[in-house]
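Shown next: model-v1.txt, containing compact mmCIF, C-alpha atoms.
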# COMPACT_ATOMS: atom_id res chain seq x y z
CA MET A 240 0.23 -37.16 -19.63
CA VAL A 241 0.95 -34.41 -17.11
CA GLU A 242 4.25 -34.62 -15.26
CA TRP A 243 4.06 -33.63 -11.60
CA THR A 244 7.13 -32.99 -9.48
CA ASP A 245 7.16 -34.24 -5.90
CA PHE A 246 6.93 -30.63 -4.74
CA GLU A 247 3.80 -30.09 -6.86
CA ARG A 248 2.10 -33.27 -5.61
CA GLU A 249 2.85 -32.47 -1.98
CA THR A 250 1.81 -28.86 -2.38
CA ILE A 251 -1.57 -29.73 -3.91
CA LYS A 252 -2.33 -32.41 -1.31
CA SER A 253 -1.23 -30.10 1.48
CA ILE A 254 -3.32 -27.14 0.33
CA PHE A 255 -6.49 -29.15 -0.21
CA GLY A 256 -5.91 -31.11 3.00
CA LYS A 257 -6.14 -27.87 4.96
CA LEU A 258 -9.11 -26.31 3.16
CA ASP A 259 -12.61 -26.23 4.61
CA TYR A 260 -14.42 -27.20 1.40
CA ASP A 261 -17.73 -25.69 2.49
CA GLU A 262 -16.20 -22.35 3.42
CA VAL A 263 -13.80 -22.05 0.52
CA GLY A 264 -16.35 -23.32 -2.00
CA LEU A 265 -18.77 -20.57 -1.01
CA ALA A 266 -16.05 -17.91 -0.88
CA ALA A 267 -14.69 -18.76 -4.34
CA LEU A 268 -18.08 -19.04 -6.07
CA CYS A 269 -19.38 -15.90 -4.36
CA ARG A 270 -16.28 -13.97 -5.43
CA CYS A 271 -16.69 -15.20 -9.02
CA LEU A 272 -20.36 -14.15 -9.14
CA VAL A 273 -19.51 -10.70 -7.70
CA VAL A 274 -16.29 -9.92 -9.61
CA TYR A 275 -17.52 -11.35 -12.91
CA PRO A 276 -21.28 -10.75 -12.74
CA TRP A 277 -21.94 -12.21 -16.18
CA THR A 278 -21.24 -15.64 -14.66
CA GLN A 279 -24.60 -15.28 -12.93
CA ARG A 280 -26.18 -16.24 -16.25
CA TYR A 281 -25.76 -19.91 -15.29
CA PHE A 282 -27.60 -19.55 -12.01
CA GLY A 283 -30.96 -18.12 -13.06
CA ASN A 284 -32.81 -20.37 -10.65
CA PHE A 285 -30.68 -19.48 -7.63
CA GLY A 286 -32.99 -16.71 -6.48
CA ASN A 287 -31.49 -13.64 -4.86
CA LEU A 288 -28.10 -12.76 -6.39
CA TYR A 289 -28.80 -9.05 -6.15
CA ASN A 290 -25.64 -7.94 -4.34
CA ALA A 291 -22.55 -9.37 -2.67
CA ASP A 292 -24.24 -9.84 0.71
CA ALA A 293 -27.20 -11.63 -0.88
CA ILE A 294 -24.89 -13.89 -2.90
CA ASN A 295 -22.83 -14.70 0.17
CA ALA A 296 -25.95 -15.57 2.17
CA ASN A 297 -27.60 -17.57 -0.60
CA PRO A 298 -27.86 -21.26 0.43
CA MET A 299 -27.90 -22.43 -3.20
CA VAL A 300 -24.57 -20.68 -3.82
CA ALA A 301 -23.14 -22.33 -0.73
CA ALA A 302 -24.41 -25.74 -1.84
CA HIS A 303 -22.97 -25.29 -5.29
CA GLY A 304 -19.62 -24.08 -3.97
CA LYS A 305 -19.43 -27.31 -2.00
CA VAL A 306 -20.22 -29.34 -5.14
CA VAL A 307 -17.41 -27.59 -7.03
CA LEU A 308 -14.80 -28.14 -4.29
CA ASN A 309 -15.77 -31.78 -3.91
CA GLY A 310 -15.42 -32.07 -7.67
CA LEU A 311 -11.89 -30.65 -7.41
CA ASP A 312 -11.17 -33.17 -4.68
CA LYS A 313 -11.59 -35.93 -7.29
CA ALA A 314 -8.71 -34.40 -9.24
CA VAL A 315 -6.58 -34.09 -6.10
CA LYS A 316 -7.06 -37.82 -5.50
CA ASN A 317 -6.38 -38.73 -9.15
CA MET A 318 -3.62 -36.36 -10.18
CA ASP A 319 -2.23 -38.86 -12.68
CA ASN A 320 -5.47 -39.13 -14.59
CA ILE A 321 -7.38 -35.89 -14.26
CA LYS A 322 -8.38 -36.12 -17.92
CA GLY A 323 -10.10 -39.49 -17.41
CA THR A 324 -11.55 -38.49 -14.05
CA TYR A 325 -13.30 -35.50 -15.62
CA ALA A 326 -14.47 -37.05 -18.91
CA GLU A 327 -18.10 -37.28 -17.79
CA LEU A 328 -18.05 -33.90 -16.05
CA SER A 329 -16.73 -32.36 -19.24
CA VAL A 330 -19.63 -33.76 -21.25
CA LEU A 331 -22.05 -32.52 -18.58
CA HIS A 332 -20.65 -28.97 -18.67
CA SER A 333 -20.61 -28.79 -22.46
CA GLU A 334 -23.74 -30.69 -23.49
CA LYS A 335 -26.13 -30.10 -20.63
CA LEU A 336 -24.98 -27.03 -18.71
CA ARG A 337 -23.46 -25.29 -21.76
CA VAL A 338 -20.95 -23.31 -19.74
CA ASP A 339 -18.53 -21.12 -21.74
CA PRO A 340 -15.17 -22.67 -20.79
CA ASP A 341 -13.70 -19.23 -20.13
CA ASN A 342 -15.77 -19.23 -16.96
CA PHE A 343 -13.70 -22.13 -15.60
CA ARG A 344 -10.65 -19.87 -15.80
CA LEU A 345 -12.47 -17.07 -14.03
CA LEU A 346 -13.53 -19.38 -11.19
CA ALA A 347 -9.99 -20.80 -11.02
CA ASP A 348 -8.58 -17.28 -10.63
CA CYS A 349 -11.06 -16.53 -7.85
CA LEU A 350 -10.18 -19.77 -6.07
CA THR A 351 -6.47 -18.86 -6.32
CA ILE A 352 -7.17 -15.51 -4.69
CA VAL A 353 -9.31 -17.08 -1.93
CA VAL A 354 -6.53 -19.58 -1.14
CA ALA A 355 -3.91 -16.79 -1.22
CA ALA A 356 -5.99 -14.81 1.28
CA ARG A 357 -6.11 -17.80 3.63
CA MET A 358 -2.49 -18.85 3.30
CA GLY A 359 -0.86 -15.39 3.32
CA ALA A 360 2.92 -15.59 3.19
CA ASP A 361 2.78 -19.41 2.90
CA PHE A 362 1.32 -18.92 -0.59
CA THR A 363 4.76 -18.40 -2.10
CA ALA A 364 5.38 -17.94 -5.81
CA GLU A 365 6.34 -21.62 -6.15
CA VAL A 366 3.21 -22.74 -4.31
CA GLN A 367 1.13 -20.44 -6.51
CA ALA A 368 2.77 -21.91 -9.63
CA ALA A 369 1.91 -25.47 -8.50
CA PHE A 370 -1.65 -24.52 -7.58
CA GLN A 371 -2.29 -22.70 -10.86
CA LYS A 372 -0.75 -25.56 -12.85
CA PHE A 373 -3.13 -27.97 -11.11
CA LEU A 374 -6.13 -25.73 -11.86
CA ALA A 375 -4.99 -25.31 -15.47
CA VAL A 376 -4.96 -29.10 -15.90
CA VAL A 377 -8.42 -29.31 -14.32
CA VAL A 378 -9.75 -26.58 -16.64
CA SER A 379 -8.19 -28.20 -19.68
CA SER A 380 -9.74 -31.55 -18.77
CA LEU A 381 -13.15 -29.94 -18.33
CA CYS A 382 -12.80 -28.36 -21.77
CA ARG A 383 -11.81 -31.59 -23.51
CA GLN A 384 -15.23 -32.85 -24.53
CA TYR A 385 -16.39 -29.52 -26.01
CA TYR A 386 -16.79 -29.50 -29.78
CA MET B 143 -16.58 -1.45 -17.77
CA SER B 144 -15.84 2.08 -16.53
CA LEU B 145 -15.24 2.99 -12.91
CA SER B 146 -18.26 3.99 -10.82
CA ALA B 147 -18.01 6.36 -7.88
CA ASN B 148 -18.19 3.29 -5.64
CA ASP B 149 -15.28 1.66 -7.49
CA LYS B 150 -13.16 4.78 -7.09
CA ALA B 151 -13.97 4.92 -3.37
CA ASN B 152 -13.08 1.24 -2.92
CA VAL B 153 -9.77 1.63 -4.77
CA THR B 154 -8.83 4.78 -2.87
CA ALA B 155 -9.64 3.13 0.46
CA ILE B 156 -7.68 -0.06 -0.07
CA TRP B 157 -4.74 1.78 -1.59
CA LYS B 158 -4.26 3.63 1.71
CA LYS B 159 -3.42 0.20 3.17
CA ILE B 160 -1.41 -0.88 0.14
CA LEU B 161 0.83 2.20 0.07
CA PRO B 162 2.88 1.45 3.20
CA LYS B 163 3.76 -1.99 1.73
CA SER B 164 3.81 -0.85 -1.87
CA ASP B 165 7.44 -1.78 -2.58
CA ASP B 166 7.03 -5.31 -1.21
CA ILE B 167 3.75 -5.79 -3.02
CA GLY B 168 5.17 -4.56 -6.33
CA ASP B 169 8.24 -6.76 -6.00
CA GLN B 170 6.12 -9.79 -5.08
CA ALA B 171 3.68 -9.26 -7.95
CA LEU B 172 6.43 -9.04 -10.55
CA SER B 173 8.38 -11.99 -9.09
CA ARG B 174 5.29 -14.13 -9.02
CA MET B 175 4.46 -13.24 -12.61
CA LEU B 176 7.93 -14.35 -13.73
CA THR B 177 7.65 -17.62 -11.77
CA VAL B 178 4.05 -18.59 -12.44
CA TYR B 179 3.94 -17.37 -16.06
CA PRO B 180 7.46 -18.09 -17.33
CA GLN B 181 6.62 -16.83 -20.82
CA THR B 182 6.74 -13.30 -19.35
CA LYS B 183 10.46 -13.73 -18.80
CA THR B 184 10.91 -13.25 -22.54
CA TYR B 185 10.55 -9.51 -21.99
CA PHE B 186 13.44 -9.42 -19.52
CA ALA B 187 16.24 -11.07 -21.47
CA HIS B 188 18.33 -8.00 -20.66
CA PHE B 189 18.11 -8.64 -16.90
CA ALA B 190 21.15 -10.48 -15.54
CA ASP B 191 19.22 -12.15 -12.72
CA LEU B 192 15.52 -13.03 -12.95
CA SER B 193 15.27 -14.95 -9.70
CA PRO B 194 12.62 -13.69 -7.27
CA GLY B 195 13.93 -10.93 -5.05
CA SER B 196 16.84 -10.11 -7.34
CA PRO B 197 17.80 -6.40 -7.24
CA GLN B 198 16.78 -5.78 -10.87
CA VAL B 199 13.41 -7.47 -10.40
CA ARG B 200 12.85 -5.55 -7.15
CA LYS B 201 13.71 -2.24 -8.77
CA HIS B 202 11.43 -2.91 -11.70
CA GLY B 203 8.59 -4.01 -9.42
CA ASP B 204 9.02 -0.68 -7.58
CA ILE B 205 8.88 1.33 -10.81
CA ILE B 206 5.70 -0.37 -11.97
CA MET B 207 4.00 -0.28 -8.57
CA ASN B 208 4.85 3.40 -7.97
CA LYS B 209 3.18 4.27 -11.25
CA ILE B 210 0.10 2.22 -10.40
CA ASP B 211 0.02 4.02 -7.02
CA ASP B 212 0.04 7.33 -8.93
CA CYS B 213 -2.80 6.15 -11.16
CA VAL B 214 -5.03 5.89 -8.07
CA ASN B 215 -4.86 9.71 -7.92
CA HIS B 216 -5.71 9.98 -11.61
CA MET B 217 -8.71 7.71 -11.97
CA ASP B 218 -10.64 10.55 -13.63
CA ASP B 219 -8.02 11.21 -16.28
CA LEU B 220 -6.23 7.88 -16.69
CA PHE B 221 -5.95 8.01 -20.46
CA PRO B 222 -4.31 11.46 -20.73
CA TYR B 223 -2.20 10.72 -17.63
CA LEU B 224 -0.79 7.52 -19.14
CA SER B 225 -0.44 8.87 -22.66
CA GLY B 226 3.35 9.08 -22.58
CA LEU B 227 3.72 5.63 -21.02
CA SER B 228 1.36 4.27 -23.64
CA ASP B 229 3.63 5.65 -26.36
CA LEU B 230 6.58 3.97 -24.67
CA HIS B 231 4.83 0.60 -24.41
CA ALA B 232 3.51 0.80 -27.95
CA THR B 233 6.59 1.89 -29.81
CA LYS B 234 9.55 0.81 -27.74
CA LEU B 235 8.60 -1.94 -25.25
CA ARG B 236 5.89 -3.53 -27.41
CA ILE B 237 4.64 -5.77 -24.63
CA ASP B 238 1.67 -7.85 -25.73
CA PRO B 239 -1.25 -6.32 -23.79
CA ALA B 240 -2.37 -9.79 -22.68
CA ASN B 241 0.50 -9.57 -20.22
CA PHE B 242 -1.05 -6.58 -18.44
CA LYS B 243 -3.85 -8.93 -17.44
CA ILE B 244 -1.33 -11.46 -16.16
CA LEU B 245 0.47 -8.88 -14.03
CA ALA B 246 -2.87 -7.59 -12.75
CA HIS B 247 -3.85 -11.10 -11.65
CA ASN B 248 -0.62 -11.51 -9.73
CA LEU B 249 -1.07 -8.11 -8.10
CA LEU B 250 -4.54 -9.20 -6.95
CA VAL B 251 -3.10 -12.44 -5.51
CA VAL B 252 -0.47 -10.50 -3.52
CA VAL B 253 -2.99 -7.94 -2.24
CA ALA B 254 -5.27 -10.82 -1.17
CA ALA B 255 -2.36 -12.44 0.69
CA TYR B 256 -1.36 -9.19 2.43
CA LEU B 257 -4.83 -7.80 3.16
CA PRO B 258 -7.22 -10.77 3.35
CA ASN B 259 -9.83 -9.00 5.47
CA ASP B 260 -9.91 -5.84 3.36
CA PHE B 261 -9.88 -7.56 -0.02
CA THR B 262 -13.57 -8.45 -0.02
CA PRO B 263 -15.31 -9.54 -3.25
CA GLU B 264 -16.64 -5.99 -3.79
CA VAL B 265 -13.21 -4.45 -3.34
CA HIS B 266 -11.70 -7.15 -5.57
CA LEU B 267 -14.21 -6.20 -8.27
CA SER B 268 -13.31 -2.50 -8.06
CA VAL B 269 -9.55 -3.11 -8.06
CA ASP B 270 -9.89 -5.53 -10.99
CA LYS B 271 -11.82 -2.89 -12.96
CA PHE B 272 -9.25 -0.22 -12.06
CA LEU B 273 -6.33 -2.37 -13.22
CA GLN B 274 -8.23 -3.19 -16.39
CA GLN B 275 -8.65 0.54 -17.08
CA VAL B 276 -4.94 1.11 -16.46
CA ALA B 277 -4.18 -1.69 -18.93
CA LEU B 278 -6.55 -0.18 -21.50
CA ALA B 279 -4.94 3.22 -21.12
CA LEU B 280 -1.49 1.65 -21.55
CA ALA B 281 -2.58 -0.14 -24.70
CA GLU B 282 -4.31 2.93 -26.15
CA LYS B 283 -1.52 3.88 -28.56
CA TYR B 284 -0.71 0.36 -29.75
CA ARG B 285 -2.56 0.65 -33.05

Write the structure described by the file as structure tokens, please.
Amino acid sequence: MVEWTDFERETIKSIFGKLDYDEVGLAALCRCLVVYPWTQRYFGNFGNLYNADAINANPMVAAHGKVVLNGLDKAVKNMDNIKGTYAELSVLHSEKLRVDPDNFRLLADCLTIVVAARMGADFTAEVQAAFQKFLAVVVSSLCRQYY
Amino acid sequence: MSLSANDKANVTAIWKKILPKSDDIGDQALSRMLTVYPQTKTYFAHFADLSPGSPQVRKHGDIIMNKIDDCVNHMDDLFPYLSGLSDLHATKLRIDPANFKILAHNLLVVVAAYLPNDFTPEVHLSVDKFLQQVALALAEKYR
């Protein structure tokens, strides 16, 4: 059972409350596909991922970024049971999508950087620690059903 | 994952904007690493004060960042340039190379916070590759 301090709970709710899920979802997924191009292996049917501009303009990338952020929203609303909240999603990612779990970490790092870029000085070390702890719990929960 | 001409151009360009704030960025990156990844504090047991912004942490952030700044001018000969530092890290400091990745991540976060409009995905890619090369060069003499 993950222990959250009041500061961590407030920080997570505050950050996600201010994010435009459409915009940030696209930015984070686009960054992941550009910075770690091997992640494109999971998006063979997305069409044009030829360069950064194409990825950024690709409507399927935008749609999927939105799916990911809305998925994260479930964890924000269920911080005391992220493991349970993601049980089915974990099975989906391991059995059906067969995503190497290391990719979750890569996407989490990209999301951290996108949020840092938007928050600037407000993204203090303590805020970063809370945000990365939250993402680490999410990633761990997504990895749980892999065997 | 070696550096292309485009990578080198991207790194050189963004470093012109990083240099004026280099001390702050270095200090921030190190402080963040110690806060967000507390296991890294194990390497600084000899520091009296590990709180963010402490004089020792600031000074050490400066030392590291100044060297990384220098590496930007040595992208074509990183391995020979860092040979001595690699010896130091391998034989005396013996920092697990996984930590270079951790510091690199925190440096990227700080650069993103300071220069959001310049730190595009393409630039992020080039800087990430550059820092990875620096880390490789530093780990060269480990075994």

(message) Show me, as number ranges by chain, the residues that have an atom within 8 Å of B:Asp149 when counting all atoms listed in the file, minus same-chain residues fewer than 2 positions from it.
(response) B: 145-147, 151-153, 265, 267-269, 271-272

(message) Quick check: residues of chain A within 8 Å of chain B, only C-alpha atoms, returned as a count of residues only.
(response) 22

(message) To one decimal place in Å, what is the distance between atom CA of B:Asn241 and atom CA of B:Leu280?
(response) 11.5 Å

(request) Please provide the set of residues having any atom within 8 Å of stretch 279-284 of chain A, restricted to only C-alpha atoms, with same-chain residues fewer than 5 positions apart removed, written as JSON, numbers by chain. (result) {"A": [272, 336, 338]}

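Interatomic distance, atom CA of B:Asp191 against atom CA of B:Asp204: 16.2 Å.
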
Kindly output stretch 290-325 of chain A as an mmCIF file, keeping the file's coordinate frame, after building N, CA and C atoms.
data_model
loop_
_atom_site.group_PDB
_atom_site.id
_atom_site.type_symbol
_atom_site.label_atom_id
_atom_site.label_comp_id
_atom_site.auth_asym_id
_atom_site.auth_seq_id
_atom_site.Cartn_x
_atom_site.Cartn_y
_atom_site.Cartn_z
ATOM 1 N N ASN A 290 -26.882 -8.630 -4.706
ATOM 2 C CA ASN A 290 -25.640 -7.940 -4.340
ATOM 3 C C ASN A 290 -24.742 -8.930 -3.616
ATOM 4 N N ALA A 291 -23.545 -8.464 -3.256
ATOM 5 C CA ALA A 291 -22.550 -9.370 -2.670
ATOM 6 C C ALA A 291 -23.067 -10.030 -1.403
ATOM 7 N N ASP A 292 -23.742 -9.263 -0.547
ATOM 8 C CA ASP A 292 -24.240 -9.840 0.710
ATOM 9 C C ASP A 292 -25.269 -10.923 0.430
ATOM 10 N N ALA A 293 -26.162 -10.641 -0.537
ATOM 11 C CA ALA A 293 -27.200 -11.630 -0.880
ATOM 12 C C ALA A 293 -26.570 -12.898 -1.427
ATOM 13 N N ILE A 294 -25.571 -12.727 -2.296
ATOM 14 C CA ILE A 294 -24.890 -13.890 -2.900
ATOM 15 C C ILE A 294 -24.228 -14.715 -1.813
ATOM 16 N N ASN A 295 -23.564 -14.013 -0.883
ATOM 17 C CA ASN A 295 -22.830 -14.700 0.170
ATOM 18 C C ASN A 295 -23.761 -15.457 1.114
ATOM 19 N N ALA A 296 -25.004 -14.947 1.245
ATOM 20 C CA ALA A 296 -25.950 -15.570 2.170
ATOM 21 C C ALA A 296 -26.841 -16.608 1.492
ATOM 22 N N ASN A 297 -26.700 -16.713 0.174
ATOM 23 C CA ASN A 297 -27.600 -17.570 -0.600
ATOM 24 C C ASN A 297 -27.255 -19.050 -0.398
ATOM 25 N N PRO A 298 -28.180 -19.854 0.133
ATOM 26 C CA PRO A 298 -27.860 -21.260 0.430
ATOM 27 C C PRO A 298 -27.584 -22.077 -0.824
ATOM 28 N N MET A 299 -28.178 -21.673 -1.975
ATOM 29 C CA MET A 299 -27.900 -22.430 -3.200
ATOM 30 C C MET A 299 -26.478 -22.185 -3.679
ATOM 31 N N VAL A 300 -25.962 -20.968 -3.455
ATOM 32 C CA VAL A 300 -24.570 -20.680 -3.820
ATOM 33 C C VAL A 300 -23.641 -21.506 -2.941
ATOM 34 N N ALA A 301 -23.966 -21.544 -1.658
ATOM 35 C CA ALA A 301 -23.140 -22.330 -0.730
ATOM 36 C C ALA A 301 -23.119 -23.799 -1.131
ATOM 37 N N ALA A 302 -24.314 -24.323 -1.460
ATOM 38 C CA ALA A 302 -24.410 -25.740 -1.840
ATOM 39 C C ALA A 302 -23.603 -26.000 -3.096
ATOM 40 N N HIS A 303 -23.687 -25.066 -4.047
ATOM 41 C CA HIS A 303 -22.970 -25.290 -5.290
ATOM 42 C C HIS A 303 -21.467 -25.146 -5.127
ATOM 43 N N GLY A 304 -21.056 -24.225 -4.253
ATOM 44 C CA GLY A 304 -19.620 -24.080 -3.970
ATOM 45 C C GLY A 304 -19.060 -25.382 -3.434
ATOM 46 N N LYS A 305 -19.844 -26.027 -2.588
ATOM 47 C CA LYS A 305 -19.430 -27.310 -2.000
ATOM 48 C C LYS A 305 -19.300 -28.376 -3.099
ATOM 49 N N VAL A 306 -20.256 -28.382 -4.025
ATOM 50 C CA VAL A 306 -20.220 -29.340 -5.140
ATOM 51 C C VAL A 306 -18.929 -29.156 -5.943
ATOM 52 N N VAL A 307 -18.599 -27.896 -6.223
ATOM 53 C CA VAL A 307 -17.410 -27.590 -7.030
ATOM 54 C C VAL A 307 -16.144 -28.069 -6.308
ATOM 55 N N LEU A 308 -16.017 -27.743 -5.024
ATOM 56 C CA LEU A 308 -14.800 -28.140 -4.290
ATOM 57 C C LEU A 308 -14.691 -29.647 -4.176
ATOM 58 N N ASN A 309 -15.824 -30.310 -3.969
ATOM 59 C CA ASN A 309 -15.770 -31.780 -3.910
ATOM 60 C C ASN A 309 -15.410 -32.360 -5.273
ATOM 61 N N GLY A 310 -15.829 -31.662 -6.330
ATOM 62 C CA GLY A 310 -15.420 -32.070 -7.670
ATOM 63 C C GLY A 310 -13.912 -31.946 -7.845
ATOM 64 N N LEU A 311 -13.343 -30.846 -7.326
ATOM 65 C CA LEU A 311 -11.890 -30.650 -7.410
ATOM 66 C C LEU A 311 -11.161 -31.723 -6.619
ATOM 67 N N ASP A 312 -11.777 -32.151 -5.535
ATOM 68 C CA ASP A 312 -11.170 -33.170 -4.680
ATOM 69 C C ASP A 312 -10.895 -34.436 -5.481
ATOM 70 N N LYS A 313 -11.790 -34.736 -6.445
ATOM 71 C CA LYS A 313 -11.590 -35.930 -7.290
ATOM 72 C C LYS A 313 -10.266 -35.816 -8.033
ATOM 73 N N ALA A 314 -9.957 -34.603 -8.502
ATOM 74 C CA ALA A 314 -8.710 -34.400 -9.240
ATOM 75 C C ALA A 314 -7.515 -34.523 -8.315
ATOM 76 N N VAL A 315 -7.670 -34.002 -7.075
ATOM 77 C CA VAL A 315 -6.580 -34.090 -6.100
ATOM 78 C C VAL A 315 -6.241 -35.552 -5.838
ATOM 79 N N LYS A 316 -7.282 -36.397 -5.796
ATOM 80 C CA LYS A 316 -7.060 -37.820 -5.500
ATOM 81 C C LYS A 316 -6.648 -38.617 -6.736
ATOM 82 N N ASN A 317 -6.717 -38.016 -7.913
ATOM 83 C CA ASN A 317 -6.380 -38.730 -9.150
ATOM 84 C C ASN A 317 -5.485 -37.886 -10.029
ATOM 85 N N MET A 318 -4.428 -37.330 -9.441
ATOM 86 C CA MET A 318 -3.620 -36.360 -10.180
ATOM 87 C C MET A 318 -2.992 -36.945 -11.437
ATOM 88 N N ASP A 319 -2.849 -38.276 -11.482
ATOM 89 C CA ASP A 319 -2.230 -38.860 -12.680
ATOM 90 C C ASP A 319 -3.226 -39.161 -13.781
ATOM 91 N N ASN A 320 -4.497 -38.917 -13.525
ATOM 92 C CA ASN A 320 -5.470 -39.130 -14.590
ATOM 93 C C ASN A 320 -6.655 -38.175 -14.442
ATOM 94 N N ILE A 321 -6.328 -36.889 -14.428
ATOM 95 C CA ILE A 321 -7.380 -35.890 -14.260
ATOM 96 C C ILE A 321 -8.277 -35.891 -15.489
ATOM 97 N N LYS A 322 -7.639 -36.095 -16.658
ATOM 98 C CA LYS A 322 -8.380 -36.120 -17.920
ATOM 99 C C LYS A 322 -9.491 -37.177 -17.872
ATOM 100 N N GLY A 323 -9.127 -38.392 -17.487
ATOM 101 C CA GLY A 323 -10.100 -39.490 -17.410
ATOM 102 C C GLY A 323 -11.138 -39.235 -16.336
ATOM 103 N N THR A 324 -10.667 -38.737 -15.188
ATOM 104 C CA THR A 324 -11.550 -38.490 -14.050
ATOM 105 C C THR A 324 -12.661 -37.515 -14.424
ATOM 106 N N TYR A 325 -12.334 -36.550 -15.304
ATOM 107 C CA TYR A 325 -13.300 -35.500 -15.620
ATOM 108 C C TYR A 325 -14.035 -35.693 -16.947
#
